[in-house]
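Chemist: Structure file work-v7.cif (mmCIF, C-alpha atoms) right here:
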```
data_input
loop_
_atom_site.label_atom_id
_atom_site.label_comp_id
_atom_site.auth_asym_id
_atom_site.auth_seq_id
_atom_site.Cartn_x
_atom_site.Cartn_y
_atom_site.Cartn_z
CA VAL A 1 -26.38 -104.64 14.30
CA LEU A 2 -29.94 -105.06 13.06
CA ARG A 3 -29.69 -108.84 12.91
CA ALA A 4 -28.15 -108.83 16.41
CA TRP A 5 -30.99 -106.62 17.63
CA GLN A 6 -33.50 -109.13 16.28
CA LEU A 7 -31.77 -111.86 18.31
CA TYR A 8 -31.38 -109.75 21.44
CA GLY A 9 -34.88 -108.35 21.16
CA SER A 10 -36.40 -111.73 21.83
CA GLU A 11 -34.92 -111.37 25.33
CA ASP A 12 -36.18 -107.82 26.01
CA PRO A 13 -38.91 -106.61 23.64
CA ASP A 14 -39.26 -103.19 25.34
CA ARG A 15 -35.85 -101.81 24.35
CA MET A 16 -35.56 -99.48 21.34
CA LEU A 17 -32.54 -99.45 19.02
CA ARG A 18 -31.70 -96.01 17.62
CA ILE A 19 -29.17 -95.82 14.82
CA CYS A 20 -27.83 -92.32 14.18
CA GLY A 21 -26.14 -90.74 11.21
CA LEU A 22 -27.52 -92.73 8.32
CA THR A 23 -27.62 -91.14 4.89
CA SER A 24 -30.97 -91.30 3.10
CA GLY A 25 -29.70 -94.26 1.03
CA GLY A 26 -28.40 -96.03 4.11
CA ARG A 27 -31.66 -95.41 5.92
CA SER A 28 -33.64 -96.87 3.00
CA ALA A 29 -31.52 -100.03 2.92
CA ALA A 30 -31.71 -100.39 6.69
CA GLN A 31 -35.47 -99.85 6.65
CA ARG A 32 -35.88 -102.70 4.16
CA LEU A 33 -33.88 -105.01 6.43
CA VAL A 34 -35.80 -103.83 9.51
CA SER A 35 -39.04 -104.74 7.72
CA GLN A 36 -37.69 -108.12 6.61
CA LEU A 37 -36.59 -108.92 10.16
CA GLY A 38 -39.92 -107.86 11.66
CA ILE A 39 -38.39 -105.43 14.17
CA ALA A 40 -39.84 -102.12 12.94
CA GLU A 41 -41.55 -101.42 16.27
CA ARG A 42 -38.19 -101.65 18.10
CA VAL A 43 -35.91 -99.72 15.73
CA GLU A 44 -35.62 -96.02 14.97
CA LEU A 45 -33.40 -95.05 12.04
CA LEU A 46 -32.28 -91.47 12.48
CA PRO A 47 -30.71 -89.06 10.00
CA TRP A 48 -27.69 -86.90 10.81
CA LEU A 49 -28.57 -85.05 14.00
CA SER A 50 -27.58 -81.64 15.25
CA ASP A 51 -25.03 -81.69 18.05
CA GLU A 52 -27.79 -81.00 20.58
CA GLN A 53 -30.04 -83.76 19.24
CA PHE A 54 -27.16 -86.25 19.12
CA GLU A 55 -26.14 -85.39 22.67
CA ALA A 56 -29.69 -85.98 23.91
CA VAL A 57 -30.00 -89.33 22.11
CA PHE A 58 -26.54 -90.46 23.17
CA ALA A 59 -26.82 -89.42 26.81
CA GLY A 60 -30.29 -90.96 27.08
CA ALA A 61 -29.21 -94.39 25.85
CA ALA A 62 -29.27 -97.51 28.00
CA ALA A 63 -26.10 -98.66 26.22
CA ILE A 64 -23.93 -97.71 23.26
CA LEU A 65 -23.15 -100.20 20.49
CA PHE A 66 -19.99 -99.25 18.63
CA PRO A 67 -18.91 -102.26 16.56
CA SER A 68 -16.60 -100.26 14.31
CA ASP A 69 -14.27 -102.11 11.98
CA PHE A 70 -11.78 -99.25 11.82
CA GLU A 71 -11.08 -96.47 14.30
CA GLY A 72 -8.40 -93.87 14.55
CA PHE A 73 -9.14 -93.08 18.19
CA GLY A 74 -12.69 -93.96 19.27
CA LEU A 75 -14.07 -90.72 20.67
CA PRO A 76 -17.67 -92.08 20.85
CA ALA A 77 -16.39 -94.95 23.00
CA ILE A 78 -14.71 -92.57 25.44
CA GLU A 79 -17.85 -90.42 25.53
CA ALA A 80 -19.98 -93.47 26.39
CA LEU A 81 -17.62 -94.39 29.22
CA ARG A 82 -17.52 -90.78 30.43
CA LEU A 83 -21.32 -90.82 30.68
CA GLY A 84 -21.27 -94.11 32.60
CA LEU A 85 -23.04 -96.01 29.83
CA PRO A 86 -22.53 -99.70 29.11
CA LEU A 87 -20.47 -99.96 25.92
CA VAL A 88 -20.15 -102.73 23.34
CA ILE A 89 -17.21 -102.55 20.93
CA SER A 90 -15.64 -104.68 18.25
CA PRO A 91 -12.10 -105.97 18.83
CA ASP A 92 -10.63 -103.07 16.82
CA PRO A 93 -7.15 -102.35 18.22
CA ALA A 94 -7.78 -98.62 18.71
CA LEU A 95 -11.04 -99.30 20.56
CA LEU A 96 -9.41 -101.93 22.75
CA GLU A 97 -6.62 -99.51 23.64
CA VAL A 98 -8.78 -96.47 24.31
CA THR A 99 -11.40 -98.30 26.41
CA GLY A 100 -8.77 -99.99 28.59
CA GLY A 101 -10.86 -103.06 29.41
CA HIS A 102 -13.97 -101.08 30.39
CA ALA A 103 -16.13 -102.11 27.42
CA ILE A 104 -17.71 -105.39 26.43
CA VAL A 105 -15.87 -106.69 23.38
CA THR A 106 -17.66 -108.85 20.82
CA ARG A 107 -15.86 -112.11 20.16
CA ASP A 108 -16.50 -111.68 16.42
CA GLU A 109 -18.74 -109.77 14.04
CA THR A 110 -21.63 -112.23 13.94
CA PRO A 111 -25.13 -111.20 15.03
CA GLY A 112 -25.08 -113.85 17.78
CA ALA A 113 -21.84 -112.51 19.25
CA LEU A 114 -23.12 -108.95 19.19
CA ALA A 115 -26.44 -109.96 20.77
CA ALA A 116 -24.58 -111.77 23.56
CA ALA A 117 -22.37 -108.70 24.10
CA ILE A 118 -25.44 -106.44 24.37
CA GLU A 119 -26.88 -108.72 27.04
CA GLN A 120 -23.57 -108.79 28.91
CA ALA A 121 -23.16 -104.99 28.74
CA LEU A 122 -26.59 -104.38 30.23
CA LYS A 123 -25.61 -106.52 33.23
CA LEU A 124 -22.57 -104.40 34.16
CA THR A 125 -22.63 -103.25 37.78
CA SER A 126 -22.60 -99.63 38.89
CA GLU A 127 -19.04 -100.21 40.15
CA GLN A 128 -17.91 -101.45 36.73
CA LEU A 129 -19.54 -98.47 35.02
CA ALA A 130 -17.93 -96.07 37.53
CA ALA A 131 -14.52 -97.57 36.77
CA GLY A 132 -15.13 -96.88 33.07
CA THR A 133 -16.08 -93.30 33.88
CA ALA A 134 -12.90 -92.83 35.92
CA HIS A 135 -10.86 -94.25 33.02
CA ALA A 136 -12.53 -91.88 30.54
CA ARG A 137 -11.74 -88.88 32.73
CA THR A 138 -8.01 -89.52 32.17
CA PHE A 139 -8.43 -88.42 28.55
CA THR A 140 -7.85 -84.68 28.73
CA TRP A 141 -6.50 -82.15 26.27
CA GLU A 142 -3.76 -81.31 28.77
CA ARG A 143 -2.64 -84.96 28.94
CA MET A 144 -2.75 -85.27 25.14
CA ALA A 145 -0.63 -82.14 24.70
CA GLY A 146 1.89 -83.41 27.25
CA GLN A 147 2.16 -86.78 25.53
CA ALA A 148 2.61 -85.14 22.13
CA ARG A 149 5.32 -82.86 23.52
CA GLU A 150 7.08 -85.78 25.20
CA ALA A 151 7.02 -87.79 21.97
CA LEU A 152 8.47 -84.87 20.02
CA VAL A 153 11.23 -84.29 22.57
CA ARG A 154 12.08 -88.01 22.59
CA SER A 155 12.28 -88.06 18.81
CA GLY A 156 14.66 -85.10 18.76
CA ALA A 157 12.32 -83.05 16.59
CA GLN A 158 13.42 -79.44 16.40
CA PRO A 159 10.83 -76.68 16.69
CA GLN A 160 10.39 -74.81 13.44
CA ARG A 161 9.29 -71.29 12.87
CA PRO A 162 6.02 -70.90 11.02
CA ALA A 163 6.42 -69.89 7.41
CA SER A 164 5.73 -66.25 6.79
CA SER A 165 2.27 -65.58 5.39
CA ARG A 166 3.56 -62.63 3.33
#
```
Before anything else, please render the file you have as structure tokens.
Modeler:
Amino acid sequence: VLRAWQLYGSEDPDRMLRICGLTSGGRSAAQRLVSQLGIAERVELLPWLSDEQFEAVFAGAAAILFPSDFEGFGLPAIEALRLGLPLVISPDPALLEVTGGHAIVTRDETPGALAAAIEQALKLTSEQLAAGTAHARTFTWERMAGQAREALVRSGAQPQRPASSR
């Protein structure tokens, strides 16, 4: 991501990259790379944030970069779509499924591919972003419960009584 930001940054030097959730060791390693790449004025390395702080940073972003190499579901991707934010993802199968074609997918994990995806994401139209928001709104707890129930009924699973706590 940092090497991609160096490449993308040459196109738009006013944008700031904020990376959230780094441990102190991860932040130290990233800071060394940021210094080596000469992008310190355009990168902010954040520690773990409170829910309120994270929400403010996330909702205030121009785009979300989520090039995960393994996802179980991809809740941050759905949240980005729900907020109408341009989203860049890796071609992880779970992310591809959950975003339903409403995210920009990197062609590979190279800095050049990620930089190109950032540029493409920031050119999405308001109509494209609205379609992503509509898609994200289909993910509800009610729908999830219904799908889980349907899968259990289809499988023939029998309801079981909870074990006594006595």
Chemist: Which residues come within 7 Å of region 42-44 of chain A, counting all atoms listed in the file, excluding same-chain residues fewer than 5 positions away, as a list in words?
Modeler: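 Counting only the stated atoms, we get Arg15, Met16, Leu17, Arg18 and Ile19 of chain A.
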Chemist: Enumerate, as a list in words, the residues matched when the PyMOL selection byres ((chain A and resi 74) around 12) is run on the file above.
Modeler: Phe66, Pro67, Ser68, Asp69, Phe70, Glu71, Gly72, Phe73, Leu75, Pro76, Ala77, Ile78, Glu79, Ala80, Leu81, Leu87, Ile89, Ser90, Asp92, Pro93, Ala94, Leu95, Leu96, Glu97, Val98, Thr99, Gly100, Ala136 and Phe139 of chain A
Chemist: Write out as an MDAnalysis selection string which residues come within 12 Å of Gly21 (chain A) when counting all atoms listed in the file, dropping same-chain ones fewer than 5 positions away.
Modeler: chainID A and resid 26:27 44:51 53:54 57:58
Chemist: Between CA of Thr106 (chain A) and CA of Gly9 (chain A), what is the distance, to one decimal in Å?
Modeler: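 Pair CA of Thr106 (chain A) / CA of Gly9 (chain A) returns 17.2 Å.
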Chemist: CA of Ala117 (chain A) to CA of His102 (chain A): how many Å, to one decimal?
Modeler: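 Those two atoms sit 13.0 Å apart.
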Chemist: If I take CA of Leu37 (chain A) and CA of Asp14 (chain A), how far is one from the other in Å, to one decimal?
Modeler: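 Taking CA of Leu37 (chain A) and CA of Asp14 (chain A), their separation equals 16.4 Å.
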Chemist: Between A:Gln36, A:Gln120, A:Val88, A:Ser28, which has the minimum distance to Ile64 (chain A) (counting all atoms listed in the file)?
Modeler: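 Among A:Gln36, A:Gln120, A:Val88, A:Ser28, it is A:Val88 that comes nearest to Ile64 (chain A).
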Chemist: Have a look at A:His135, A:Arg82, A:Leu65, A:Trp5 and name the one nearest to Val105 (chain A); count only C-alpha atoms.
Modeler: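 Of A:His135, A:Arg82, A:Leu65, A:Trp5, the one nearest Val105 (chain A) is A:Leu65, counting only C-alpha atoms.
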Chemist: Could you tell me, as a count of residues only, which residues have any atom at most 7 Å from (-31.4, -106.5, 21.8), counting only C-alpha atoms?
Modeler: 11
Chemist: What would the selection look like, as a PDB file with C-alpha atoms, in the coordinates of the input, if the PyMOL selection byres ((chain A and resi 62) around 8) were run on the coordinates I just shared?
Modeler:
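As a result, selection_39.pdb now contains:
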```pdb
ATOM      1  CA  GLY A  60     -30.290 -90.960  27.080  1.00  0.00           C
ATOM      2  CA  ALA A  61     -29.210 -94.390  25.850  1.00  0.00           C
ATOM      3  CA  ALA A  63     -26.100 -98.660  26.220  1.00  0.00           C
ATOM      4  CA  ILE A  64     -23.930 -97.710  23.260  1.00  0.00           C
ATOM      5  CA  LEU A  85     -23.040 -96.010  29.830  1.00  0.00           C
ATOM      6  CA  PRO A  86     -22.530 -99.700  29.110  1.00  0.00           C
ATOM      7  CA  LEU A 122     -26.590-104.380  30.230  1.00  0.00           C
TER       8      LEU A 122
END
```
Chemist: For a quick check of understanding, using all atoms listed in the file, which of A:Gly38, A:Pro91, A:Gly84, A:Gly156 has the smallest distance to Ser126 (chain A)?
Modeler: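 Using all atoms listed in the file, Ser126 (chain A) sits closest to A:Gly84.
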Chemist: Using all atoms listed in the file, list the residues that have an atom at most 9 Å from (-22.9, -109.4, 11.7), coordinates as in the file, as a list in words.
Modeler: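 Within the cut-off we find Val1, Leu2, Arg3, Ala4, Asp108, Glu109, Thr110, Pro111, Gly112, Ala113 and Leu114 of chain A.
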